[in-house]
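Structure below is target-v6.tsv: TSV, C-alpha atoms.
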chain	number	residue	atom	x	y	z
A	198	MET	CA	-21.95	10.45	-6.44
A	199	THR	CA	-19.09	8.56	-8.09
A	200	LEU	CA	-19.13	4.75	-8.17
A	201	VAL	CA	-15.73	3.48	-7.03
A	202	LEU	CA	-14.43	-0.09	-7.07
A	203	VAL	CA	-11.58	-0.95	-4.68
A	204	THR	CA	-9.76	-4.23	-5.35
A	205	GLY	CA	-8.09	-5.85	-2.35
A	206	ALA	CA	-10.61	-4.22	-0.01
A	207	SER	CA	-9.74	-6.53	2.89
A	208	GLY	CA	-6.09	-5.45	2.88
A	209	LEU	CA	-4.35	-2.77	4.89
A	210	VAL	CA	-4.58	-0.05	2.24
A	211	GLY	CA	-7.77	-1.20	0.52
A	212	SER	CA	-9.78	-1.22	3.74
A	213	ARG	CA	-8.70	2.33	4.55
A	214	VAL	CA	-9.46	3.52	1.03
A	215	MET	CA	-12.96	2.01	1.38
A	216	LEU	CA	-13.52	4.05	4.53
A	217	ARG	CA	-11.98	7.26	3.19
A	218	LEU	CA	-13.98	7.25	-0.05
A	219	GLY	CA	-17.14	5.70	1.39
A	220	ALA	CA	-18.08	8.96	3.10
A	221	THR	CA	-18.69	10.72	-0.21
A	222	HIS	CA	-18.95	8.04	-2.91
A	223	GLU	CA	-20.69	4.76	-3.61
A	224	VAL	CA	-17.84	2.35	-2.94
A	225	HIS	CA	-17.70	-1.35	-3.79
A	226	GLY	CA	-14.85	-3.63	-2.77
A	227	THR	CA	-13.44	-6.96	-3.87
A	228	TYR	CA	-11.73	-9.54	-1.70
A	229	HIS	CA	-10.16	-12.94	-2.31
A	230	GLN	CA	-10.07	-14.90	0.96
A	231	HIS	CA	-11.01	-12.63	3.85
A	232	SER	CA	-14.41	-11.00	3.59
A	233	PRO	CA	-14.26	-7.32	4.54
A	234	GLY	CA	-17.75	-7.41	6.03
A	235	PHE	CA	-16.39	-5.53	9.03
A	236	LEU	CA	-16.34	-2.37	6.90
A	237	GLY	CA	-19.99	-1.81	7.57
A	238	GLN	CA	-20.75	-2.12	3.87
A	239	SER	CA	-23.84	-3.91	2.65
A	240	ARG	CA	-23.19	-7.38	1.26
A	241	GLU	CA	-24.27	-6.12	-2.15
A	242	ARG	CA	-21.18	-3.88	-2.20
A	243	LEU	CA	-18.67	-6.62	-1.38
A	244	HIS	CA	-17.57	-9.01	-4.11
A	245	ARG	CA	-15.39	-12.10	-3.92
A	246	LEU	CA	-12.83	-12.01	-6.73
A	247	ASP	CA	-9.66	-13.87	-7.65
A	248	VAL	CA	-7.80	-11.30	-9.75
A	249	MET	CA	-5.88	-14.09	-11.52
A	250	ASP	CA	-9.20	-15.06	-13.12
A	251	LEU	CA	-9.23	-12.42	-15.84
A	252	GLU	CA	-12.67	-13.41	-17.08
A	253	ALA	CA	-14.02	-12.84	-13.57
A	254	VAL	CA	-12.26	-9.47	-13.47
A	255	ARG	CA	-13.99	-8.50	-16.74
A	256	ARG	CA	-17.39	-9.70	-15.48
A	257	THR	CA	-17.04	-7.71	-12.27
A	258	LEU	CA	-16.06	-4.54	-14.12
A	259	ASP	CA	-18.88	-4.93	-16.65
A	260	ALA	CA	-21.46	-5.64	-13.95
A	261	LEU	CA	-20.52	-2.71	-11.70
A	262	ALA	CA	-19.35	-0.22	-14.37
A	263	PRO	CA	-17.24	1.79	-11.90
A	264	GLU	CA	-16.19	5.32	-12.78
A	265	VAL	CA	-13.02	4.84	-10.70
A	266	VAL	CA	-11.05	1.66	-9.96
A	267	VAL	CA	-8.56	1.80	-7.08
A	268	HIS	CA	-6.43	-1.28	-7.67
A	269	CYS	CA	-4.87	-2.38	-4.37
A	270	ALA	CA	-4.93	-6.17	-4.83
A	271	ALA	CA	-1.37	-7.48	-5.20
A	272	ALA	CA	1.10	-10.20	-4.35
A	273	THR	CA	3.43	-8.45	-1.89
A	274	ASP	CA	5.47	-11.31	-0.39
A	275	VAL	CA	8.84	-10.34	-1.89
A	276	ASP	CA	10.54	-13.69	-1.36
A	277	GLY	CA	7.37	-15.55	-2.32
A	278	CYS	CA	7.34	-13.72	-5.64
A	279	GLU	CA	10.95	-14.74	-6.18
A	280	ASP	CA	9.98	-18.39	-5.61
A	281	ASP	CA	6.97	-18.24	-7.95
A	282	PRO	CA	7.47	-15.63	-10.68
A	283	GLY	CA	4.52	-16.94	-12.67
A	284	ARG	CA	2.09	-16.23	-9.86
A	285	ALA	CA	3.72	-12.85	-9.15
A	286	PHE	CA	3.08	-11.65	-12.69
A	287	ALA	CA	-0.36	-13.29	-12.81
A	288	VAL	CA	-1.43	-11.34	-9.72
A	289	ASN	CA	0.44	-8.06	-10.17
A	290	VAL	CA	0.56	-7.51	-13.92
A	291	ALA	CA	-2.14	-9.36	-15.87
A	292	PRO	CA	-5.16	-7.98	-13.95
A	293	THR	CA	-3.67	-4.48	-14.04
A	294	ARG	CA	-3.51	-4.71	-17.83
A	295	GLU	CA	-7.08	-5.98	-17.91
A	296	ILE	CA	-8.32	-3.13	-15.70
A	297	ALA	CA	-6.35	-0.56	-17.70
A	298	ALA	CA	-7.77	-1.80	-21.02
A	299	TRP	CA	-11.33	-1.83	-19.64
A	300	ALA	CA	-10.93	1.67	-18.19
A	301	GLN	CA	-9.60	3.01	-21.46
A	302	ARG	CA	-12.58	1.59	-23.34
A	303	ARG	CA	-15.09	2.90	-20.83
A	304	GLY	CA	-13.50	6.24	-19.94
A	305	ALA	CA	-13.00	5.27	-16.29
A	306	ARG	CA	-10.13	6.33	-14.06
A	307	VAL	CA	-7.63	3.90	-12.53
A	308	VAL	CA	-5.49	4.31	-9.42
A	309	LEU	CA	-2.75	1.70	-8.98
A	310	MET	CA	-0.98	1.06	-5.69
A	311	SER	CA	2.74	0.56	-6.34
A	312	THR	CA	5.98	0.52	-4.39
A	313	ASP	CA	9.39	2.09	-3.85
A	314	TYR	CA	10.83	-1.31	-4.76
A	315	VAL	CA	10.59	-0.38	-8.44
A	316	PHE	CA	13.89	1.46	-7.78
A	317	ASP	CA	17.30	-0.08	-7.08
A	318	GLY	CA	17.97	2.24	-4.14
A	319	THR	CA	21.28	3.64	-5.38
A	320	SER	CA	20.21	7.25	-6.12
A	321	PRO	CA	17.78	8.52	-3.47
A	322	PRO	CA	15.60	10.42	-3.06
A	323	TYR	CA	13.51	9.26	-6.00
A	324	GLU	CA	11.28	11.74	-7.80
A	325	VAL	CA	8.07	10.60	-9.45
A	326	ASP	CA	9.65	10.69	-12.93
A	327	ALA	CA	12.71	8.61	-12.01
A	328	ARG	CA	13.22	5.60	-14.27
A	329	PRO	CA	12.35	2.28	-12.56
A	330	THR	CA	15.34	-0.02	-12.04
A	331	PRO	CA	13.87	-3.16	-10.43
A	332	LEU	CA	16.10	-5.70	-8.70
A	333	CYS	CA	13.85	-8.72	-8.13
A	334	VAL	CA	10.74	-10.49	-9.42
A	335	TYR	CA	8.38	-8.53	-7.17
A	336	SER	CA	9.99	-5.25	-8.25
A	337	ARG	CA	9.76	-6.16	-11.94
A	338	SER	CA	6.14	-7.19	-11.63
A	339	LYS	CA	5.21	-3.86	-10.05
A	340	ALA	CA	7.24	-1.90	-12.61
A	341	ASP	CA	5.41	-3.80	-15.38
A	342	ALA	CA	2.08	-3.03	-13.70
A	343	GLU	CA	2.98	0.66	-13.72
A	344	SER	CA	3.82	0.39	-17.43
A	345	ALA	CA	0.35	-1.02	-18.09
A	346	LEU	CA	-1.20	2.32	-17.05
A	347	ARG	CA	0.93	4.49	-19.31
A	348	GLY	CA	-1.23	6.06	-21.98
A	349	VAL	CA	-4.48	5.47	-20.08
A	350	PRO	CA	-6.18	8.89	-19.71
A	351	GLY	CA	-6.54	10.00	-16.10
A	352	ALA	CA	-4.61	7.03	-14.69
A	353	LEU	CA	-2.67	7.49	-11.46
A	354	THR	CA	0.09	5.38	-9.92
A	355	VAL	CA	0.59	5.83	-6.17
A	356	ARG	CA	3.88	4.54	-4.75
A	357	SER	CA	4.38	3.88	-1.07
A	358	THR	CA	6.62	1.82	1.19
A	359	VAL	CA	6.79	-0.12	4.49
A	360	ILE	CA	3.04	0.27	4.93
A	361	TYR	CA	1.86	-0.28	8.48
A	362	GLY	CA	-1.09	0.33	10.77
A	363	MET	CA	-4.06	-1.43	12.28
A	364	ASP	CA	-6.29	-2.63	9.48
A	365	VAL	CA	-10.01	-2.60	10.00
A	366	GLY	CA	-10.17	-6.38	10.14
A	367	HIS	CA	-7.57	-6.60	12.91
A	368	HIS	CA	-5.34	-8.84	10.79
A	369	ARG	CA	-2.27	-6.85	11.93
A	370	ARG	CA	-0.06	-8.18	9.16
A	371	ASN	CA	2.59	-5.50	8.82
A	372	PHE	CA	6.03	-4.63	10.13
A	373	ALA	CA	5.03	-2.33	12.99
A	374	THR	CA	2.39	-4.56	14.56
A	375	TRP	CA	4.51	-7.71	14.03
A	376	LEU	CA	7.34	-5.95	15.83
A	377	MET	CA	5.09	-4.97	18.73
A	378	ASP	CA	3.81	-8.52	19.09
A	379	GLU	CA	7.37	-9.88	19.22
A	380	LEU	CA	8.62	-7.30	21.72
A	381	GLN	CA	5.55	-7.67	23.94
A	382	ALA	CA	6.24	-11.41	24.05
A	383	GLY	CA	9.85	-10.75	25.05
A	384	ARG	CA	11.28	-12.25	21.87
A	385	PRO	CA	14.43	-10.71	20.37
A	386	VAL	CA	14.14	-9.53	16.77
A	387	ARG	CA	16.71	-8.87	14.07
A	388	VAL	CA	16.03	-5.79	11.98
A	389	VAL	CA	18.09	-4.57	9.04
A	390	SER	CA	20.14	-1.43	9.59
A	391	ASP	CA	21.21	-0.84	5.97
A	392	GLN	CA	17.74	-0.70	4.39
A	393	TRP	CA	16.34	2.83	4.48
A	394	ASN	CA	12.72	3.67	3.62
A	395	THR	CA	9.96	6.21	4.19
A	396	PRO	CA	7.55	4.10	6.33
A	397	THR	CA	3.92	5.06	5.91
A	398	ILE	CA	0.74	4.47	7.89
A	399	SER	CA	-2.17	3.26	5.76
A	400	GLU	CA	-4.52	6.14	6.67
A	401	ASN	CA	-2.08	8.63	5.16
A	402	ILE	CA	-2.10	6.72	1.87
A	403	ALA	CA	-5.90	6.65	1.81
A	404	GLU	CA	-5.97	10.40	2.43
A	405	PHE	CA	-3.54	11.03	-0.42
A	406	ILE	CA	-5.65	8.90	-2.77
A	407	GLY	CA	-8.83	10.67	-1.73
A	408	ARG	CA	-7.33	14.10	-2.31
A	409	ALA	CA	-5.78	13.02	-5.61
A	410	LEU	CA	-9.17	11.84	-6.89
A	411	ASP	CA	-10.85	15.04	-5.72
A	412	ARG	CA	-8.25	17.12	-7.59
A	413	GLN	CA	-8.17	14.96	-10.73
A	414	VAL	CA	-4.45	14.25	-10.32
A	415	GLU	CA	-2.94	11.82	-12.82
A	416	GLY	CA	0.49	10.40	-13.58
A	417	VAL	CA	2.53	9.32	-10.56
A	418	LEU	CA	2.34	10.38	-6.91
A	419	HIS	CA	4.33	9.27	-3.90
A	420	ALA	CA	2.38	8.65	-0.70
A	421	ALA	CA	4.90	8.23	2.10
A	422	CYS	CA	6.17	9.95	5.20
A	423	ASP	CA	8.67	12.78	4.81
A	424	GLU	CA	11.43	10.98	6.73
A	425	CYS	CA	13.79	8.40	5.28
A	426	VAL	CA	15.08	6.23	8.12
A	427	ALA	CA	16.86	2.92	8.56
A	428	ARG	CA	14.51	0.05	9.31
A	429	ASP	CA	16.11	-0.60	12.71
A	430	GLU	CA	15.72	3.09	13.62
A	431	PHE	CA	12.03	2.90	12.72
A	432	ALA	CA	11.76	-0.21	14.88
A	433	ARG	CA	13.28	1.63	17.83
A	434	ARG	CA	10.85	4.53	17.37
A	435	VAL	CA	7.94	2.08	17.42
A	436	ALA	CA	9.33	0.47	20.58
A	437	ARG	CA	9.77	3.83	22.33
A	438	ARG	CA	6.29	5.06	21.44
A	439	PHE	CA	4.67	1.91	22.80
A	440	GLY	CA	6.94	1.50	25.83
A	441	LEU	CA	8.50	-1.73	24.58
A	442	PRO	CA	12.07	-2.94	25.20
A	443	GLU	CA	14.43	-1.52	22.59
A	444	ASP	CA	17.24	-3.79	23.75
A	445	LEU	CA	15.47	-6.75	22.10
A	446	ILE	CA	16.06	-5.12	18.68
A	447	ALA	CA	19.31	-6.37	17.16
A	448	PRO	CA	20.53	-4.55	14.02
A	449	VAL	CA	21.80	-6.71	11.15
A	450	VAL	CA	22.89	-5.97	7.61
A	451	THR	CA	20.94	-7.30	4.64
A	452	ARG	CA	23.55	-9.83	3.54
A	453	GLU	CA	23.32	-11.61	6.91
A	454	LEU	CA	19.66	-12.48	6.32
A	455	ASN	CA	20.26	-14.51	3.14
A	456	GLN	CA	16.96	-13.34	1.69
A	457	ARG	CA	16.07	-14.93	-1.62
A	458	ALA	CA	15.08	-11.69	-3.36
A	459	ARG	CA	17.37	-8.69	-3.68
A	460	ARG	CA	16.16	-5.61	-1.81
A	461	PRO	CA	16.96	-2.00	-2.69
A	462	LEU	CA	18.89	-0.45	0.19
A	463	ARG	CA	17.77	3.19	-0.07
A	464	PRO	CA	14.70	3.57	-2.29
A	465	CYS	CA	13.59	6.69	-0.40
A	466	LEU	CA	10.68	8.50	-2.07
A	467	SER	CA	10.58	12.24	-2.66
A	468	MET	CA	7.30	13.86	-1.66
A	469	GLY	CA	7.76	17.13	-3.57
A	470	ARG	CA	5.11	16.59	-6.26
A	471	SER	CA	2.59	15.29	-3.75
A	472	ARG	CA	2.99	18.37	-1.55
A	473	GLN	CA	2.68	20.64	-4.57
A	474	LEU	CA	-0.44	19.03	-6.04
A	475	LEU	CA	-2.31	18.00	-2.90
A	476	GLY	CA	-1.51	20.99	-0.71
A	477	GLU	CA	-0.47	19.13	2.39
A	478	ARG	CA	2.61	17.62	3.94
A	479	ALA	CA	2.91	13.92	4.63
A	480	TRP	CA	2.52	12.90	8.24
A	481	THR	CA	5.64	12.42	10.29
A	482	ILE	CA	6.51	9.07	11.82
A	483	ALA	CA	5.68	10.51	15.25
A	484	GLN	CA	2.21	11.65	14.13
A	485	SER	CA	1.54	8.29	12.50
A	486	LEU	CA	2.61	6.31	15.58
A	487	ASP	CA	0.41	8.56	17.73
A	488	LEU	CA	-2.56	7.57	15.57
A	489	LEU	CA	-1.67	3.89	15.82
A	490	HIS	CA	-1.38	4.25	19.59
A	491	ARG	CA	-4.89	5.77	19.77
A	492	GLN	CA	-6.28	2.97	17.63
A	493	LEU	CA	-4.79	0.31	19.88
A	494	ALA	CA	-5.81	2.06	23.10
A	495	GLY	CA	-9.40	0.86	22.97
A	496	PRO	CA	-11.49	-1.63	21.00
A	497	ASP	CA	-12.54	-0.14	17.66
A	498	ARG	CA	-12.20	3.44	18.90
A	499	SER	CA	-10.81	4.73	15.61
A	500	LEU	CA	-11.08	1.68	13.40
A	501	LEU	CA	-14.56	1.92	12.00
A	502	LYS	CA	-14.44	5.43	10.54
A	503	PRO	CA	-11.83	7.79	9.17
A	504	TRP	CA	-10.30	9.89	11.93
A	505	TRP	CA	-9.68	13.04	9.90
Write-out of the structure in structure tokens:
Amino acid sequence: MTLVLVTGASGLVGSRVMLRLGATHEVHGTYHQHSPGFLGQSRERLHRLDVMDLEAVRRTLDALAPEVVVHCAAATDVDGCEDDPGRAFAVNVAPTREIAAWAQRRGARVVLMSTDYVFDGTSPPYEVDARPTPLCVYSRSKADAESALRGVPGALTVRSTVIYGMDVGHHRRNFATWLMDELQAGRPVRVVSDQWNTPTISENIAEFIGRALDRQVEGVLHAACDECVARDEFARRVARRFGLPEDLIAPVVTRELNQRARRPLRPCLSMGRSRQLLGERAWTIAQSLDLLHRQLAGPDRSLLKPWW
């Protein structure tokens, strides 16, 4: 049984990776503020960690000696990163370098969660070997984190985008569930119509990571849905699936929002290599929203164990 350490275990992706891998491996998780005790893990397998404290990162790695580190902890507030570049790089880059160096010394594998934002969105769809062309501080920090893994044997970077779903801790901090809350409350929302992505439910990412580890995949993989859609179109699909009023969704273009950080407009990810190496297609948006609907239909019906 492989010992796996998941950083950011209380987050949307990290919590699902804990569940997906916990069925067949000894999985430990780290968290910063919100304890992921709801995962059903023993307290001995949950570890409080501030990844900006590099000495604490080293101590945790030395103490646990994981054979695999799935590094999900990150600063993902795009405008917040623009406001505080120092913190963005301290959270997204420095600990990744520390983990990569430790893994190289110890012969461990590393999986890094990354993003479509490493691309400028001018030449979609992006293959796994496309050169990163970051537009903002967040994008540069994630591109630098990816660079930290280059040359580390067995390392894998997994890029995804517009990640949504019901996390195991019910925090519901993602685009789809925010949208549902707003529409259910009868509040109008403005959603960009000129930003196109491949929105992805967190369970699908966890499944891709699990399969990639089983098959010893390294390099770069994309874990996203197979459809590239405008953000306002995705919002309307969410509204339709959950019976919410579409007329409250008002399309706007990016420049009207005056966002502090530049966003790529079409950083759509190609799923060709992932299909080839993992032997399965990504879920469609419809399939993913069906899963989310089942999860929300009853308390904890599908939240406490993987559904596949």
Inset, instruction - Please provide the set of residues having any atom within 9 Å of segment 301-315 of chain A, restricted to only C-alpha atoms, with same-chain residues fewer than 5 positions apart removed, written as an MDAnalysis selection string. - result: chainID A and resid 210 262:271 293 296 323 328:333 335:340 342:343 346 348:359 394 406 410 415 419 460:461 464:466
Legend entry - Atomic distance atom CA of Met363 of chain A - atom CA of Trp375 of chain A, expressed in Å with one decimal: 10.8 Å
Report the centre and edge lengths, in Å to one decimal, of an axis-aligned box enclosing every atom of segment 205-211 of chain A listed in the file, padded by 5 Å on each side, as AutoDock Vina command-line options.
--center_x -7.5 --center_y -3.3 --center_z 1.3 --size_x 16.3 --size_y 16.5 --size_z 17.2
Legend entry - Residue nearest Leu216 of chain A - candidates A:Ala409, A:Val435, A:Ala403, A:Ala298, atoms counted: only C-alpha atoms: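 Checking each candidate against Leu216 of chain A, we get A:Ala403 as the closest.
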Inset, instruction - May I have the residues within 9 Å of Val254 of chain A as a list of chain:residue names, using only C-alpha atoms and disregarding those fewer than 5 positions away in the same chain? - result: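 Once the nearby chain positions are removed, what remains is A:Leu246, A:Asp247, A:Val248, A:Met249, A:Asp259, A:Pro292, A:Glu295, A:Ile296.
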Legend entry - For Arg434 of chain A, the nearest of the candidates A:Glu404, A:Asp391, A:Asp487, A:Asp411, counting all atoms listed in the file: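 Counting all atoms listed in the file, the residue closest to Arg434 of chain A is A:Asp487.
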If you count only C-alpha atoms, which residues fall within 10 Å of Glu443 of chain A, apart from same-chain ones fewer than 2 positions away, as a PDB file with C-alpha atoms, in the coordinates of the input?
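What follows is the written file around21.pdb:
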ATOM      1  CA  LEU A 380       8.620  -7.300  21.720  1.00  0.00           C
ATOM      2  CA  PRO A 385      14.430 -10.710  20.370  1.00  0.00           C
ATOM      3  CA  VAL A 386      14.140  -9.530  16.770  1.00  0.00           C
ATOM      4  CA  ALA A 432      11.760  -0.210  14.880  1.00  0.00           C
ATOM      5  CA  ARG A 433      13.280   1.630  17.830  1.00  0.00           C
ATOM      6  CA  ARG A 434      10.850   4.530  17.370  1.00  0.00           C
ATOM      7  CA  VAL A 435       7.940   2.080  17.420  1.00  0.00           C
ATOM      8  CA  ALA A 436       9.330   0.470  20.580  1.00  0.00           C
ATOM      9  CA  ARG A 437       9.770   3.830  22.330  1.00  0.00           C
ATOM     10  CA  GLY A 440       6.940   1.500  25.830  1.00  0.00           C
ATOM     11  CA  LEU A 441       8.500  -1.730  24.580  1.00  0.00           C
ATOM     12  CA  LEU A 445      15.470  -6.750  22.100  1.00  0.00           C
ATOM     13  CA  ILE A 446      16.060  -5.120  18.680  1.00  0.00           C
ATOM     14  CA  ALA A 447      19.310  -6.370  17.160  1.00  0.00           C
TER      15      ALA A 447
END
Inset, instruction - Rank A:Ile402, A:Ala382, A:Met377, A:Val325 by their smallest atom-to-atom distance to Ser212 of chain A, using all atoms listed in the file, and report the top residue only. - result: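 Closest to Ser212 of chain A of all the choices is A:Ile402.
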Legend entry - Residue among A:Thr319, A:His222, A:Pro442, A:Ala479 lying closest to Asp378 of chain A, counting all atoms listed in the file: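 Ranking A:Thr319, A:His222, A:Pro442, A:Ala479 by distance to Asp378 of chain A, first place goes to A:Pro442.
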Legend entry - Residue nearest Gly469 of chain A among A:Glu379, A:Gln230, A:Cys422, A:Val290 (counting all atoms listed in the file): A:Cys422
Inset, instruction - Mind giving me the straight-line distance from atom CA of His490 of chain A to atom CA of Gln381 of chain A in Å, one decimal? - result: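 Between these atoms lies a distance of 14.5 Å.
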Save N, CA and C atoms of segment 292-317 of chain A from the block above as a PDB file, in the first residue's frame.
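After the write, part.pdb holds the following:
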ATOM      1  N   PRO A 292       6.869  26.487  -1.983  1.00  0.00           N
ATOM      2  CA  PRO A 292       6.664  25.131  -1.460  1.00  0.00           C
ATOM      3  C   PRO A 292       6.729  24.057  -2.539  1.00  0.00           C
ATOM      4  N   THR A 293       6.335  24.414  -3.779  1.00  0.00           N
ATOM      5  CA  THR A 293       6.446  23.445  -4.866  1.00  0.00           C
ATOM      6  C   THR A 293       7.905  23.096  -5.107  1.00  0.00           C
ATOM      7  N   ARG A 294       8.771  24.105  -5.081  1.00  0.00           N
ATOM      8  CA  ARG A 294      10.204  23.838  -5.234  1.00  0.00           C
ATOM      9  C   ARG A 294      10.730  22.970  -4.098  1.00  0.00           C
ATOM     10  N   GLU A 295      10.257  23.255  -2.890  1.00  0.00           N
ATOM     11  CA  GLU A 295      10.698  22.475  -1.728  1.00  0.00           C
ATOM     12  C   GLU A 295      10.266  21.022  -1.868  1.00  0.00           C
ATOM     13  N   ILE A 296       9.013  20.805  -2.245  1.00  0.00           N
ATOM     14  CA  ILE A 296       8.492  19.443  -2.413  1.00  0.00           C
ATOM     15  C   ILE A 296       9.224  18.731  -3.543  1.00  0.00           C
ATOM     16  N   ALA A 297       9.472  19.439  -4.641  1.00  0.00           N
ATOM     17  CA  ALA A 297      10.164  18.836  -5.784  1.00  0.00           C
ATOM     18  C   ALA A 297      11.579  18.409  -5.401  1.00  0.00           C
ATOM     19  N   ALA A 298      12.289  19.279  -4.661  1.00  0.00           N
ATOM     20  CA  ALA A 298      13.658  18.948  -4.254  1.00  0.00           C
ATOM     21  C   ALA A 298      13.663  17.753  -3.304  1.00  0.00           C
ATOM     22  N   TRP A 299      12.719  17.738  -2.362  1.00  0.00           N
ATOM     23  CA  TRP A 299      12.638  16.613  -1.414  1.00  0.00           C
ATOM     24  C   TRP A 299      12.342  15.322  -2.166  1.00  0.00           C
ATOM     25  N   ALA A 300      11.374  15.375  -3.091  1.00  0.00           N
ATOM     26  CA  ALA A 300      10.994  14.178  -3.837  1.00  0.00           C
ATOM     27  C   ALA A 300      12.159  13.649  -4.672  1.00  0.00           C
ATOM     28  N   GLN A 301      12.920  14.565  -5.250  1.00  0.00           N
ATOM     29  CA  GLN A 301      14.053  14.121  -6.056  1.00  0.00           C
ATOM     30  C   GLN A 301      15.107  13.433  -5.192  1.00  0.00           C
ATOM     31  N   ARG A 302      15.318  13.954  -3.988  1.00  0.00           N
ATOM     32  CA  ARG A 302      16.287  13.319  -3.084  1.00  0.00           C
ATOM     33  C   ARG A 302      15.815  11.947  -2.622  1.00  0.00           C
ATOM     34  N   ARG A 303      14.505  11.829  -2.392  1.00  0.00           N
ATOM     35  CA  ARG A 303      13.974  10.609  -1.779  1.00  0.00           C
ATOM     36  C   ARG A 303      13.378   9.619  -2.777  1.00  0.00           C
ATOM     37  N   GLY A 304      13.345   9.982  -4.056  1.00  0.00           N
ATOM     38  CA  GLY A 304      12.783   9.087  -5.053  1.00  0.00           C
ATOM     39  C   GLY A 304      11.264   8.987  -4.998  1.00  0.00           C
ATOM     40  N   ALA A 305      10.614  10.027  -4.489  1.00  0.00           N
ATOM     41  CA  ALA A 305       9.150  10.047  -4.411  1.00  0.00           C
ATOM     42  C   ALA A 305       8.564  10.686  -5.666  1.00  0.00           C
ATOM     43  N   ARG A 306       7.294  10.435  -5.902  1.00  0.00           N
ATOM     44  CA  ARG A 306       6.593  11.041  -7.032  1.00  0.00           C
ATOM     45  C   ARG A 306       5.834  12.280  -6.566  1.00  0.00           C
ATOM     46  N   VAL A 307       5.688  13.251  -7.470  1.00  0.00           N
ATOM     47  CA  VAL A 307       4.937  14.473  -7.167  1.00  0.00           C
ATOM     48  C   VAL A 307       3.892  14.687  -8.252  1.00  0.00           C
ATOM     49  N   VAL A 308       2.682  15.020  -7.817  1.00  0.00           N
ATOM     50  CA  VAL A 308       1.621  15.461  -8.722  1.00  0.00           C
ATOM     51  C   VAL A 308       1.260  16.887  -8.330  1.00  0.00           C
ATOM     52  N   LEU A 309       1.339  17.803  -9.277  1.00  0.00           N
ATOM     53  CA  LEU A 309       1.034  19.212  -9.031  1.00  0.00           C
ATOM     54  C   LEU A 309      -0.260  19.594  -9.726  1.00  0.00           C
ATOM     55  N   MET A 310      -1.191  20.199  -8.981  1.00  0.00           N
ATOM     56  CA  MET A 310      -2.387  20.755  -9.603  1.00  0.00           C
ATOM     57  C   MET A 310      -2.054  22.125 -10.188  1.00  0.00           C
ATOM     58  N   SER A 311      -2.325  22.300 -11.486  1.00  0.00           N
ATOM     59  CA  SER A 311      -2.081  23.572 -12.145  1.00  0.00           C
ATOM     60  C   SER A 311      -3.341  24.019 -12.880  1.00  0.00           C
ATOM     61  N   THR A 312      -3.193  24.931 -13.830  1.00  0.00           N
ATOM     62  CA  THR A 312      -4.342  25.653 -14.352  1.00  0.00           C
ATOM     63  C   THR A 312      -4.193  26.002 -15.825  1.00  0.00           C
ATOM     64  N   ASP A 313      -5.311  26.185 -16.491  1.00  0.00           N
ATOM     65  CA  ASP A 313      -5.294  26.665 -17.879  1.00  0.00           C
ATOM     66  C   ASP A 313      -4.811  28.106 -17.975  1.00  0.00           C
ATOM     67  N   TYR A 314      -4.783  28.812 -16.839  1.00  0.00           N
ATOM     68  CA  TYR A 314      -4.364  30.214 -16.854  1.00  0.00           C
ATOM     69  C   TYR A 314      -2.875  30.391 -17.155  1.00  0.00           C
ATOM     70  N   VAL A 315      -2.118  29.303 -17.251  1.00  0.00           N
ATOM     71  CA  VAL A 315      -0.728  29.458 -17.666  1.00  0.00           C
ATOM     72  C   VAL A 315      -0.638  29.867 -19.141  1.00  0.00           C
ATOM     73  N   PHE A 316      -1.764  29.801 -19.865  1.00  0.00           N
ATOM     74  CA  PHE A 316      -1.800  30.187 -21.275  1.00  0.00           C
ATOM     75  C   PHE A 316      -2.484  31.544 -21.444  1.00  0.00           C
ATOM     76  N   ASP A 317      -2.172  32.230 -22.542  1.00  0.00           N
ATOM     77  CA  ASP A 317      -2.763  33.555 -22.768  1.00  0.00           C
ATOM     78  C   ASP A 317      -4.111  33.495 -23.476  1.00  0.00           C
TER      79      ASP A 317
END
